[in-house]
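Novice: Enclosed is the structure file query.txt (compact mmCIF, C-alpha atoms).
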# COMPACT_ATOMS: atom_id res chain seq x y z
CA MET I 1 -18.60 -66.27 28.07
CA PRO I 2 -15.40 -64.56 29.31
CA TYR I 3 -17.08 -61.65 31.07
CA SER I 4 -19.77 -60.97 33.59
CA GLY I 5 -21.36 -57.61 34.09
CA ARG I 6 -22.58 -55.06 31.62
CA MET I 7 -21.92 -57.13 28.53
CA LEU I 8 -24.55 -59.56 27.31
CA ALA I 9 -23.87 -62.84 25.56
CA PRO I 10 -22.47 -62.61 22.05
CA ALA I 11 -24.42 -63.66 18.99
CA HIS I 12 -24.16 -67.32 18.00
CA ARG I 13 -21.14 -67.03 15.76
CA ILE I 14 -17.62 -68.24 16.32
CA HIS I 15 -15.59 -65.21 15.22
CA TYR I 16 -16.11 -61.65 14.00
CA THR I 17 -13.41 -59.56 12.35
CA ARG I 18 -12.66 -56.06 13.61
CA GLY I 19 -14.06 -54.74 10.35
CA GLU I 20 -17.37 -56.49 10.98
CA TYR I 21 -17.44 -55.08 14.51
CA LEU I 22 -16.81 -51.54 13.29
CA ALA I 23 -19.50 -51.88 10.61
CA LEU I 24 -21.96 -53.02 13.28
CA GLU I 25 -21.09 -50.10 15.57
CA ALA I 26 -21.52 -47.61 12.74
CA SER I 27 -25.10 -48.75 12.14
CA SER I 28 -26.24 -49.78 15.63
CA ASN I 29 -28.06 -47.76 18.27
CA VAL I 30 -26.73 -50.16 20.93
CA LYS I 31 -23.08 -50.07 22.03
CA HIS I 32 -20.98 -53.21 21.89
CA GLU I 33 -17.65 -54.28 23.33
CA TYR I 34 -15.26 -56.30 21.18
CA LEU I 35 -12.56 -58.75 22.22
CA ASP I 36 -10.96 -61.80 20.63
CA GLY I 37 -13.40 -61.93 17.75
CA GLN I 38 -16.49 -61.72 19.94
CA ILE I 39 -19.03 -58.89 20.05
CA TYR I 40 -20.88 -58.22 23.30
CA ALA I 41 -23.95 -56.02 23.56
CA MET I 42 -23.77 -53.61 26.50
CA ALA I 43 -26.88 -53.47 28.64
CA GLY I 44 -28.38 -50.12 29.59
CA GLY I 45 -27.70 -48.61 33.00
CA THR I 46 -30.02 -47.51 35.79
CA PRO I 47 -31.17 -43.91 36.36
CA GLU I 48 -28.88 -43.79 39.41
CA HIS I 49 -25.92 -44.92 37.33
CA ALA I 50 -26.70 -42.33 34.66
CA ALA I 51 -27.02 -39.56 37.27
CA LEU I 52 -23.67 -40.39 38.89
CA THR I 53 -21.93 -40.54 35.51
CA ALA I 54 -23.38 -37.18 34.46
CA THR I 55 -22.39 -35.63 37.79
CA VAL I 56 -18.78 -36.83 37.48
CA ILE I 57 -18.59 -35.13 34.08
CA GLY I 58 -20.28 -32.01 35.43
CA LEU I 59 -17.80 -31.73 38.29
CA LEU I 60 -14.73 -32.36 36.15
CA PHE I 61 -15.62 -30.12 33.22
CA PRO I 62 -15.08 -26.72 34.90
CA GLN I 63 -11.85 -27.92 36.50
CA LEU I 64 -10.42 -29.01 33.14
CA ARG I 65 -11.91 -26.38 30.85
CA ASP I 66 -8.82 -24.14 30.62
CA GLY I 67 -6.18 -26.87 30.61
CA GLN I 68 -4.86 -29.58 28.30
CA CYS I 69 -7.26 -32.31 29.44
CA ARG I 70 -10.75 -33.00 28.09
CA VAL I 71 -13.52 -35.06 29.64
CA HIS I 72 -15.64 -37.40 27.47
CA ASP I 73 -18.83 -39.32 28.14
CA ALA I 74 -19.64 -42.96 27.36
CA ASP I 75 -19.99 -42.26 23.64
CA LEU I 76 -16.19 -42.30 23.34
CA ARG I 77 -14.80 -45.66 22.31
CA VAL I 78 -11.44 -46.63 23.84
CA ARG I 79 -9.23 -49.26 22.26
CA VAL I 80 -6.73 -51.17 24.36
CA ARG I 81 -4.26 -51.92 21.59
CA GLU I 82 -2.23 -54.31 23.74
CA THR I 83 -5.18 -56.67 24.29
CA GLY I 84 -7.60 -55.77 21.49
CA LEU I 85 -10.45 -54.71 23.76
CA ALA I 86 -12.73 -52.01 22.38
CA THR I 87 -15.03 -50.54 25.02
CA TYR I 88 -16.91 -47.48 26.21
CA PRO I 89 -15.86 -46.29 29.70
CA ASP I 90 -18.43 -44.26 31.63
CA VAL I 91 -16.06 -41.27 31.69
CA THR I 92 -12.72 -40.84 29.91
CA VAL I 93 -10.24 -37.98 30.27
CA VAL I 94 -7.62 -37.47 27.55
CA CYS I 95 -4.78 -34.99 28.10
CA GLY I 96 -3.19 -33.48 25.04
CA PRO I 97 -4.09 -34.51 21.48
CA ARG I 98 -6.29 -37.58 21.12
CA GLN I 99 -4.43 -40.50 19.61
CA ARG I 100 -6.70 -42.43 17.25
CA ASP I 101 -6.51 -46.14 16.69
CA PRO I 102 -5.00 -46.64 13.21
CA ASP I 103 -7.67 -49.28 12.50
CA ASP I 104 -10.57 -47.30 14.00
CA GLU I 105 -10.76 -43.52 13.62
CA GLN I 106 -13.62 -43.37 16.15
CA ALA I 107 -11.55 -44.90 18.98
CA VAL I 108 -8.85 -43.28 21.09
CA THR I 109 -5.91 -45.16 22.54
CA ASN I 110 -4.41 -42.67 25.03
CA PRO I 111 -6.73 -42.05 27.99
CA THR I 112 -5.09 -40.45 31.01
CA LEU I 113 -7.90 -41.23 33.44
CA ILE I 114 -10.92 -43.55 33.23
CA VAL I 115 -13.96 -43.54 35.51
CA GLU I 116 -16.36 -46.46 35.86
CA VAL I 117 -19.52 -46.08 37.92
CA LEU I 118 -20.09 -49.46 39.53
CA SER I 119 -23.35 -51.40 39.66
CA ARG I 120 -24.36 -54.79 40.99
CA SER I 121 -24.02 -56.32 37.53
CA THR I 122 -20.72 -54.68 36.54
CA GLU I 123 -18.65 -54.40 39.72
CA GLU I 124 -16.86 -57.73 39.39
CA TYR I 125 -15.97 -57.06 35.75
CA ASP I 126 -14.93 -53.43 36.33
CA ARG I 127 -12.68 -54.41 39.25
CA GLY I 128 -11.29 -57.54 37.62
CA ASP I 129 -10.99 -58.34 33.93
CA LYS I 130 -11.70 -54.83 32.69
CA PHE I 131 -9.14 -53.26 35.02
CA ALA I 132 -6.60 -55.85 33.85
CA HIS I 133 -7.14 -54.61 30.28
CA TYR I 134 -6.94 -50.95 31.30
CA LYS I 135 -3.64 -51.54 33.10
CA ARG I 136 -2.09 -52.37 29.73
CA ILE I 137 -2.73 -48.82 28.43
CA ALA I 138 0.62 -47.04 28.74
CA SER I 139 -0.93 -43.55 28.98
CA LEU I 140 -3.40 -44.45 31.76
CA ARG I 141 -2.39 -42.86 35.07
CA GLU I 142 -5.53 -43.27 37.18
CA TYR I 143 -8.59 -45.53 37.26
CA VAL I 144 -11.53 -44.30 39.32
CA LEU I 145 -14.37 -46.46 40.66
CA VAL I 146 -17.52 -44.74 41.91
CA SER I 147 -19.44 -46.97 44.31
CA HIS I 148 -23.11 -47.83 43.91
CA ARG I 149 -23.44 -49.16 47.48
CA GLU I 150 -22.01 -46.32 49.55
CA ARG I 151 -20.74 -42.78 49.16
CA SER I 152 -17.16 -43.57 48.25
CA VAL I 153 -14.74 -43.00 45.40
CA GLU I 154 -11.80 -45.35 44.85
CA VAL I 155 -8.77 -44.03 42.96
CA TRP I 156 -6.22 -46.47 41.59
CA ALA I 157 -3.03 -44.65 40.59
CA ARG I 158 -0.07 -45.98 38.64
CA THR I 159 3.11 -45.59 40.70
CA GLY I 160 6.60 -44.83 39.43
CA ASP I 161 7.51 -48.51 39.32
CA GLY I 162 4.45 -49.42 37.27
CA GLU I 163 2.45 -50.85 40.17
CA TRP I 164 -0.97 -49.55 41.21
CA SER I 165 -1.88 -48.04 44.58
CA CYS I 166 -5.39 -47.42 45.88
CA SER I 167 -6.88 -44.62 47.95
CA VAL I 168 -10.53 -44.40 49.02
CA SER I 169 -12.38 -41.15 49.75
CA ARG I 170 -15.69 -41.15 51.60
CA ASP I 171 -18.45 -38.70 52.49
CA GLY I 172 -16.87 -35.46 53.70
CA GLU I 173 -13.64 -36.08 51.79
CA ALA I 174 -12.41 -35.29 48.29
CA ALA I 175 -10.78 -37.75 45.92
CA LYS I 176 -7.61 -36.24 44.46
CA LEU I 177 -7.12 -36.94 40.77
CA THR I 178 -3.45 -36.04 40.52
CA SER I 179 -3.05 -37.09 36.89
CA ILE I 180 -5.42 -34.38 35.68
CA GLY I 181 -5.07 -31.83 38.48
CA ALA I 182 -8.67 -32.20 39.64
CA ARG I 183 -10.71 -33.52 42.55
CA LEU I 184 -14.09 -35.10 43.19
CA ASP I 185 -15.83 -33.98 46.37
CA VAL I 186 -17.67 -37.12 47.47
CA ARG I 187 -20.55 -35.33 49.23
CA GLU I 188 -21.04 -33.02 46.26
CA LEU I 189 -20.89 -35.93 43.81
CA TYR I 190 -23.54 -38.03 45.51
CA GLY I 191 -25.64 -35.07 46.61
CA ALA I 192 -25.92 -33.70 43.10
CA ALA I 193 -26.80 -37.17 41.75
CA ASP I 194 -29.54 -37.78 44.35
CA GLU I 195 -33.11 -37.68 43.14
CA PRO I 196 -34.87 -34.48 44.27
CA THR I 197 -37.56 -34.90 46.91
CA GLY I 198 -40.85 -33.06 47.30
Using structure tokens, write down the structure that the file contains.

Specialist:
Amino acid sequence: MPYSGRMLAPAHRIHYTRGEYLALEASSNVKHEYLDGQIYAMAGGTPEHAALTATVIGLLFPQLRDGQCRVHDADLRVRVRETGLATYPDVTVVCGPRQRDPDDEQAVTNPTLIVEVLSRSTEEYDRGDKFAHYKRIASLREYVLVSHRERSVEVWARTGDGEWSCSVSRDGEAAKLTSIGARLDVRELYGAADEPTG
């Protein structure tokens, strides 16, 4: 199997067409990733993962509401046309009109910023193979990783020469998301996602 992490093993079949994948997604209550003719079921996340994802969206929404960028949850399918990967990022921001995949009207191809909330089972994939796919998206300006182990937010930004630079913001700091004119206050992010006590 080419991936570790959130995706589970594909069904016992050698190759699926994109049409078969899209038909499955249209009728399934479980999300799947698709690459190189293989369909991978995506495992569900933890309550902590869900809370962090929801909080990222909640913090970004008011900052983007009056501009040209829109924040989307994990129901939005993103297609990496250069590699064929179809996937569901935890959070996707698209600036300007959404560009639809000509072969899949439910998938967009022009994210400006993608956020993945890490977990023990997905961190290697999100940092490695998945990031390698995302780097091939011409419109993508920033890739944000929200840690599951500590209060930190990692922002990978595409530089003018096409390389990627990383900055890490920790508790008491704010991660600047230059591509969308927004920020994520690390203390606010993790504090709002914490489970209430008492």

Novice: Using all atoms listed in the file, which of the listed residues (I:Arg158, I:His72, I:His49, I:Lys176) sits closest to Ile137 (chain I)?

Specialist: I:Arg158

Novice: Please list as a PyMOL selection string every residue within 7 Å of Glu142 (chain I), counting all atoms listed in the file and excluding residues in the same chain fewer than 4 positions away.

Specialist: chain I and resi 112-114+155-158+179

Novice: List every residue of region 67-176 of chain I that has an atom at most 12 Å from any atom of region 181-193 of chain I, giving for each one its closest atom pair and the distance in Å to one decimal, counting only C-alpha atoms, sorted by chain and then by ascending residue number, as a Markdown table.

Specialist:
| residue | atom | partner | partner_atom | distance |
| --- | --- | --- | --- | --- |
| I:Gly67 | CA | I:Gly181 | CA | 9.4 |
| I:Gln68 | CA | I:Gly181 | CA | 10.4 |
| I:Cys69 | CA | I:Gly181 | CA | 9.3 |
| I:Arg70 | CA | I:Ala182 | CA | 11.8 |
| I:Val71 | CA | I:Ala182 | CA | 11.5 |
| I:Val93 | CA | I:Ala182 | CA | 11.1 |
| I:Cys95 | CA | I:Gly181 | CA | 10.9 |
| I:Thr112 | CA | I:Gly181 | CA | 11.4 |
| I:Leu113 | CA | I:Ala182 | CA | 11.0 |
| I:Val115 | CA | I:Leu184 | CA | 11.4 |
| I:Val117 | CA | I:Tyr190 | CA | 11.8 |
| I:Arg141 | CA | I:Gly181 | CA | 11.9 |
| I:Glu142 | CA | I:Gly181 | CA | 11.5 |
| I:Val144 | CA | I:Leu184 | CA | 10.3 |
| I:Leu145 | CA | I:Leu184 | CA | 11.6 |
| I:Val146 | CA | I:Val186 | CA | 9.4 |
| I:Ser147 | CA | I:Tyr190 | CA | 9.9 |
| I:His148 | CA | I:Tyr190 | CA | 9.9 |
| I:Arg149 | CA | I:Tyr190 | CA | 11.3 |
| I:Glu150 | CA | I:Tyr190 | CA | 9.3 |
| I:Arg151 | CA | I:Tyr190 | CA | 6.6 |
| I:Ser152 | CA | I:Val186 | CA | 6.5 |
| I:Val153 | CA | I:Val186 | CA | 6.9 |
| I:Glu154 | CA | I:Val186 | CA | 10.4 |
| I:Val155 | CA | I:Leu184 | CA | 10.4 |
| I:Val168 | CA | I:Val186 | CA | 10.3 |
| I:Ser169 | CA | I:Val186 | CA | 7.0 |
| I:Arg170 | CA | I:Val186 | CA | 6.1 |
| I:Asp171 | CA | I:Arg187 | CA | 5.1 |
| I:Gly172 | CA | I:Arg187 | CA | 5.8 |
| I:Glu173 | CA | I:Val186 | CA | 6.0 |
| I:Ala174 | CA | I:Asp185 | CA | 4.1 |
| I:Ala175 | CA | I:Leu184 | CA | 5.0 |
| I:Lys176 | CA | I:Arg183 | CA | 4.5 |

Novice: Those same residues - C-alpha atoms - I'd like them written as an mmCIF file, keeping the file's coordinate frame.

Specialist:
data_model
loop_
_atom_site.group_PDB
_atom_site.id
_atom_site.type_symbol
_atom_site.label_atom_id
_atom_site.label_comp_id
_atom_site.auth_asym_id
_atom_site.auth_seq_id
_atom_site.Cartn_x
_atom_site.Cartn_y
_atom_site.Cartn_z
ATOM 1 C CA GLY I 67 -6.180 -26.870 30.610
ATOM 2 C CA GLN I 68 -4.860 -29.580 28.300
ATOM 3 C CA CYS I 69 -7.260 -32.310 29.440
ATOM 4 C CA ARG I 70 -10.750 -33.000 28.090
ATOM 5 C CA VAL I 71 -13.520 -35.060 29.640
ATOM 6 C CA VAL I 93 -10.240 -37.980 30.270
ATOM 7 C CA CYS I 95 -4.780 -34.990 28.100
ATOM 8 C CA THR I 112 -5.090 -40.450 31.010
ATOM 9 C CA LEU I 113 -7.900 -41.230 33.440
ATOM 10 C CA VAL I 115 -13.960 -43.540 35.510
ATOM 11 C CA VAL I 117 -19.520 -46.080 37.920
ATOM 12 C CA ARG I 141 -2.390 -42.860 35.070
ATOM 13 C CA GLU I 142 -5.530 -43.270 37.180
ATOM 14 C CA VAL I 144 -11.530 -44.300 39.320
ATOM 15 C CA LEU I 145 -14.370 -46.460 40.660
ATOM 16 C CA VAL I 146 -17.520 -44.740 41.910
ATOM 17 C CA SER I 147 -19.440 -46.970 44.310
ATOM 18 C CA HIS I 148 -23.110 -47.830 43.910
ATOM 19 C CA ARG I 149 -23.440 -49.160 47.480
ATOM 20 C CA GLU I 150 -22.010 -46.320 49.550
ATOM 21 C CA ARG I 151 -20.740 -42.780 49.160
ATOM 22 C CA SER I 152 -17.160 -43.570 48.250
ATOM 23 C CA VAL I 153 -14.740 -43.000 45.400
ATOM 24 C CA GLU I 154 -11.800 -45.350 44.850
ATOM 25 C CA VAL I 155 -8.770 -44.030 42.960
ATOM 26 C CA VAL I 168 -10.530 -44.400 49.020
ATOM 27 C CA SER I 169 -12.380 -41.150 49.750
ATOM 28 C CA ARG I 170 -15.690 -41.150 51.600
ATOM 29 C CA ASP I 171 -18.450 -38.700 52.490
ATOM 30 C CA GLY I 172 -16.870 -35.460 53.700
ATOM 31 C CA GLU I 173 -13.640 -36.080 51.790
ATOM 32 C CA ALA I 174 -12.410 -35.290 48.290
ATOM 33 C CA ALA I 175 -10.780 -37.750 45.920
ATOM 34 C CA LYS I 176 -7.610 -36.240 44.460
#

Novice: To one decimal place, how far is CA of Leu76 (chain I) from CA of Tyr16 (chain I) in Å?

Specialist: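 Separation of CA of Leu76 (chain I) and CA of Tyr16 (chain I): 21.5 Å.
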
Novice: Nearest to Leu22 (chain I): which of I:Glu105, I:Ser167, I:Ala41, I:Arg98 is it, counting only C-alpha atoms?

Specialist: I:Glu105

Novice: Between I:Met42, I:Arg120, I:Arg136, I:Leu60, single out the one closest to Glu82 (chain I), counting only C-alpha atoms.

Specialist: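 When distances to Glu82 (chain I) are compared using only C-alpha atoms, the smallest one comes from I:Arg136.
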
Novice: Give the answer as one residue: which of I:Leu177, I:Ala51, I:Pro196, I:Pro89 has the shortest atom-to-atom distance to Leu64 (chain I), using only C-alpha atoms?

Specialist: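 Ranked by minimum distance to Leu64 (chain I), first place goes to I:Leu177.
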
Novice: Just to confirm, what's the straight-line distance from CA of Gln99 (chain I) to CA of Thr122 (chain I) in Å (one decimal)?

Specialist: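 That distance, rounded to one decimal, is 27.4 Å.
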
Novice: Output region 40-53 of chain I from the block with all heavy atoms, as a PDB file, in the first residue's frame?

Specialist:
ATOM      1  N   TYR I  40      -9.047   4.383  -1.511  1.00  0.00           N
ATOM      2  CA  TYR I  40      -8.678   4.171  -0.111  1.00  0.00           C
ATOM      3  C   TYR I  40      -9.726   4.782   0.803  1.00  0.00           C
ATOM      4  O   TYR I  40      -9.989   5.986   0.730  1.00  0.00           O
ATOM      5  CB  TYR I  40      -7.315   4.820   0.199  1.00  0.00           C
ATOM      6  CG  TYR I  40      -6.182   4.300  -0.647  1.00  0.00           C
ATOM      7  CD1 TYR I  40      -5.919   4.846  -1.899  1.00  0.00           C
ATOM      8  CD2 TYR I  40      -5.367   3.264  -0.197  1.00  0.00           C
ATOM      9  CE1 TYR I  40      -4.879   4.377  -2.683  1.00  0.00           C
ATOM     10  CE2 TYR I  40      -4.323   2.784  -0.971  1.00  0.00           C
ATOM     11  CZ  TYR I  40      -4.085   3.349  -2.212  1.00  0.00           C
ATOM     12  OH  TYR I  40      -3.054   2.881  -2.991  1.00  0.00           O
ATOM     13  N   ALA I  41     -10.318   3.953   1.667  1.00  0.00           N
ATOM     14  CA  ALA I  41     -11.275   4.476   2.638  1.00  0.00           C
ATOM     15  C   ALA I  41     -10.533   5.306   3.674  1.00  0.00           C
ATOM     16  O   ALA I  41      -9.440   4.947   4.109  1.00  0.00           O
ATOM     17  CB  ALA I  41     -12.026   3.332   3.316  1.00  0.00           C
ATOM     18  N   MET I  42     -11.121   6.428   4.065  1.00  0.00           N
ATOM     19  CA  MET I  42     -10.511   7.306   5.055  1.00  0.00           C
ATOM     20  C   MET I  42     -11.124   7.010   6.422  1.00  0.00           C
ATOM     21  O   MET I  42     -12.347   7.048   6.594  1.00  0.00           O
ATOM     22  CB  MET I  42     -10.730   8.766   4.677  1.00  0.00           C
ATOM     23  CG  MET I  42     -10.100   9.126   3.336  1.00  0.00           C
ATOM     24  SD  MET I  42     -10.412  10.823   2.830  1.00  0.00           S
ATOM     25  CE  MET I  42      -9.386  11.718   4.000  1.00  0.00           C
ATOM     26  N   ALA I  43     -10.286   6.706   7.373  1.00  0.00           N
ATOM     27  CA  ALA I  43     -10.763   6.397   8.715  1.00  0.00           C
ATOM     28  C   ALA I  43     -11.257   7.663   9.408  1.00  0.00           C
ATOM     29  O   ALA I  43     -10.814   8.768   9.104  1.00  0.00           O
ATOM     30  CB  ALA I  43      -9.633   5.775   9.540  1.00  0.00           C
ATOM     31  N   GLY I  44     -12.183   7.489  10.327  1.00  0.00           N
ATOM     32  CA  GLY I  44     -12.695   8.625  11.088  1.00  0.00           C
ATOM     33  C   GLY I  44     -11.654   9.177  12.045  1.00  0.00           C
ATOM     34  O   GLY I  44     -10.722   8.484  12.451  1.00  0.00           O
ATOM     35  N   GLY I  45     -11.816  10.449  12.402  1.00  0.00           N
ATOM     36  CA  GLY I  45     -10.879  11.102  13.307  1.00  0.00           C
ATOM     37  C   GLY I  45     -11.338  11.028  14.759  1.00  0.00           C
ATOM     38  O   GLY I  45     -12.435  10.566  15.071  1.00  0.00           O
ATOM     39  N   THR I  46     -10.493  11.527  15.657  1.00  0.00           N
ATOM     40  CA  THR I  46     -10.811  11.551  17.081  1.00  0.00           C
ATOM     41  C   THR I  46     -11.627  12.801  17.415  1.00  0.00           C
ATOM     42  O   THR I  46     -11.649  13.765  16.631  1.00  0.00           O
ATOM     43  CB  THR I  46      -9.511  11.577  17.906  1.00  0.00           C
ATOM     44  OG1 THR I  46      -8.816  12.808  17.617  1.00  0.00           O
ATOM     45  CG2 THR I  46      -8.624  10.389  17.569  1.00  0.00           C
ATOM     46  N   PRO I  47     -12.270  12.831  18.585  1.00  0.00           N
ATOM     47  CA  PRO I  47     -12.956  14.063  19.003  1.00  0.00           C
ATOM     48  C   PRO I  47     -12.014  15.264  19.069  1.00  0.00           C
ATOM     49  O   PRO I  47     -12.409  16.382  18.724  1.00  0.00           O
ATOM     50  CB  PRO I  47     -13.503  13.700  20.385  1.00  0.00           C
ATOM     51  CG  PRO I  47     -13.689  12.221  20.348  1.00  0.00           C
ATOM     52  CD  PRO I  47     -12.529  11.715  19.502  1.00  0.00           C
ATOM     53  N   GLU I  48     -10.773  15.032  19.499  1.00  0.00           N
ATOM     54  CA  GLU I  48      -9.805  16.131  19.583  1.00  0.00           C
ATOM     55  C   GLU I  48      -9.486  16.680  18.191  1.00  0.00           C
ATOM     56  O   GLU I  48      -9.384  17.886  17.987  1.00  0.00           O
ATOM     57  CB  GLU I  48      -8.524  15.649  20.273  1.00  0.00           C
ATOM     58  CG  GLU I  48      -8.691  15.294  21.741  1.00  0.00           C
ATOM     59  CD  GLU I  48      -9.323  13.925  21.976  1.00  0.00           C
ATOM     60  OE1 GLU I  48      -9.419  13.124  21.012  1.00  0.00           O
ATOM     61  OE2 GLU I  48      -9.735  13.652  23.118  1.00  0.00           O
ATOM     62  N   HIS I  49      -9.321  15.775  17.240  1.00  0.00           N
ATOM     63  CA  HIS I  49      -9.056  16.172  15.864  1.00  0.00           C
ATOM     64  C   HIS I  49     -10.228  16.986  15.315  1.00  0.00           C
ATOM     65  O   HIS I  49     -10.042  18.037  14.687  1.00  0.00           O
ATOM     66  CB  HIS I  49      -8.823  14.921  15.009  1.00  0.00           C
ATOM     67  CG  HIS I  49      -8.477  15.194  13.583  1.00  0.00           C
ATOM     68  ND1 HIS I  49      -9.431  15.524  12.631  1.00  0.00           N
ATOM     69  CD2 HIS I  49      -7.286  15.182  12.921  1.00  0.00           C
ATOM     70  CE1 HIS I  49      -8.847  15.692  11.471  1.00  0.00           C
ATOM     71  NE2 HIS I  49      -7.541  15.500  11.620  1.00  0.00           N
ATOM     72  N   ALA I  50     -11.433  16.498  15.562  1.00  0.00           N
ATOM     73  CA  ALA I  50     -12.629  17.194  15.076  1.00  0.00           C
ATOM     74  C   ALA I  50     -12.754  18.579  15.693  1.00  0.00           C
ATOM     75  O   ALA I  50     -13.130  19.550  15.016  1.00  0.00           O
ATOM     76  CB  ALA I  50     -13.874  16.360  15.377  1.00  0.00           C
ATOM     77  N   ALA I  51     -12.428  18.691  16.988  1.00  0.00           N
ATOM     78  CA  ALA I  51     -12.533  19.985  17.675  1.00  0.00           C
ATOM     79  C   ALA I  51     -11.523  20.982  17.126  1.00  0.00           C
ATOM     80  O   ALA I  51     -11.843  22.154  16.907  1.00  0.00           O
ATOM     81  CB  ALA I  51     -12.338  19.805  19.179  1.00  0.00           C
ATOM     82  N   LEU I  52     -10.296  20.539  16.880  1.00  0.00           N
ATOM     83  CA  LEU I  52      -9.283  21.438  16.333  1.00  0.00           C
ATOM     84  C   LEU I  52      -9.657  21.890  14.921  1.00  0.00           C
ATOM     85  O   LEU I  52      -9.523  23.071  14.576  1.00  0.00           O
ATOM     86  CB  LEU I  52      -7.910  20.758  16.317  1.00  0.00           C
ATOM     87  CG  LEU I  52      -7.145  20.740  17.645  1.00  0.00           C
ATOM     88  CD1 LEU I  52      -5.936  19.816  17.551  1.00  0.00           C
ATOM     89  CD2 LEU I  52      -6.710  22.154  18.036  1.00  0.00           C
ATOM     90  N   THR I  53     -10.151  20.961  14.116  1.00  0.00           N
ATOM     91  CA  THR I  53     -10.553  21.317  12.752  1.00  0.00           C
ATOM     92  C   THR I  53     -11.673  22.348  12.778  1.00  0.00           C
ATOM     93  O   THR I  53     -11.632  23.352  12.044  1.00  0.00           O
ATOM     94  CB  THR I  53     -11.002  20.056  11.993  1.00  0.00           C
ATOM     95  OG1 THR I  53      -9.920  19.113  11.946  1.00  0.00           O
ATOM     96  CG2 THR I  53     -11.417  20.395  10.575  1.00  0.00           C
TER      97      THR I  53
END
